[in-house]
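Beneath this line is the structure, given in structure tokens, with notes to follow.
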2 protein chains.
Amino acid sequence: MEKQIDPRILRTRKLIMDAFIQLSMKKDFKDITIKDITTAATVNRATFYSHFIDKYDLLEKVLSESVMREIIQEVSTHEVINQETIEAIFLSIIKFQSSISNQCRRSYEAFTPQIETIFKKELEAFFSEWAKKQWPNQNKSEIEVFAVMLSWALYGAAMHWMQNQTTQPEDYVKQLMPFIINIENDKTI
Amino acid sequence: MEKQIDPRILRTRKLIMDAFIQLSMKKDFKDITIKDITTAATVNRATFYSHFIDKYDLLEKVLSESVMREIIQEVSTHEVINQETIEAIFLSIIKFQSSISNQCRRSYEAFTPQIETIFKKELEAFFSEWAKKQWPNQNKSEIEVFAVMLSWALYGAAMHWMQNQTTQPEDYVKQLMPFIINIENDKTI
DNA sequence: ACAGCTATATTGTTTAAACAACATATTGAT
DNA sequence: ATCAATATGTTGTTTAAACAATATAGCTGT
């Protein structure tokens, strides 16, 4: 198995993505040109198009591959999904959202729907994978429902906190727990 | 003119050199393998050999291209060669020598002759270039003698300080000035 | 001393990326 | 509104780098 991808492909993808992340710290998304990205990545502009359809495709892939990986790695040390895991993920979402809303400014609103979709999809895959390990006997579709609900619930809560920011995130996340633990109990029969 | 080199060549050279610089901070020069370098640089090992003859060739080029450039850039803002320029260069040599003697440890002694040659050659080219601008009417060979003397004098002084380290480098360099200013005066007729 | 391991160095073939050229958009200043 | 400059995609050709195979040299331990 394991296809063994040409390292040039991996390197070029990384160069482009890293350049994009760096640029998006200084510039608004809408003001970043393909030329900007490829120049910073020391890559030909045509090469960009052999990896990504356009800027939006790049953003999508950066979010799902680069940023989400980082979040998931933060909690990948946890053995089982428990209160701590949930808290860690919640705080990671907040942290990421705050950083892009600072960095991207105007374009932030324009992209929240895309970002939301990617985020929930990634969280769902993550929870689904983990649930499978934790409850191997559980019916497949029930696992999926659990993953969907948890990812939406958590993301929704994070967005809610972002808009209100009444309490400290650490306190806020503790309020969520009773509801989330119920979902978990449903699954453990 | 200006050949316009394929950017892949430049990029690969930079990747290899940067990887080598990073590695030499953690490992002794003699323990760094070509595989180490190429892996860190995300480059095929065979590619290394199309750019450099071997590890020693790489070291030489890193010193003259990468490290010296850094030093020279630090003083490239100076309009004319004066006391400040000399001081800045002297302190840069000290700074660089201290860093490699810490980083390379054992291999440091083995390479000081090569390093010295490269250093003086680069300094000479730098002073020569600058002297040409500063005294355009001056005879070519006299310019060269000036550049040679100044580069040897400065490097020698730096080595002397490195071995004794009696005073602060900032104080030490001030002691050199009377001698160096004399050389300069000789050139201004 | 020699057997097994790893590093070095080289070469022919394949492939990813550079390049140049082109045809559209977009933008922006007059 | 217009014209120049700049950005976006696309394509055919060329080239640098990856790869795999090979031969040799240098350690290291038994």
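Ordering of the structure tokens sets the chain letters (A, B, ...), residue numbers begin anew at 1 in every chain, and ligands are numbered from 1 in the order given.
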Interface residues on chain B facing chain D, 10 Å, only C-alpha atoms (C1' of nucleotides), written as a PyMOL selection string: chain B and resi 6-9+12+43-48+50
Which of B:Thr33, B:Gln22, B:Gln163, B:Ser92 sits closest to chain C [using only C-alpha atoms (C1' of nucleotides)]: B:Thr33
From chain A, collect each residue whose DSSP state is alpha helix (DSSP H) and return the set as number ranges by chain. A: 7-26, 34-40, 45-51, 55-61, 68-75, 83-104, 106-134, 140-164, 169-187
Using only C-alpha atoms (C1' of nucleotides), find the residues of chain C whose closest atom to chain B is at most 12 Å away, then write them as a count of residues only. 10
For Trp161 (chain A), work out the shell of residues within 12 Å, counting only C-alpha atoms (C1' of nucleotides) and skipping chain neighbours fewer than 4 positions away, then give it as a PyMOL selection string. chain A and resi 90-91+93-95+97-98+154-157+165-173+175-176
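Straight-line separation from CA of Gln73 (chain A) to CA of Phe126 (chain A): 10.8 Å.
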Counting only C-alpha atoms, which residue out of A:Asn164, A:Gln134, A:Thr39, A:Thr85 sits closest to chain B?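 Ranked by minimum distance to chain B, first place goes to A:Thr39.
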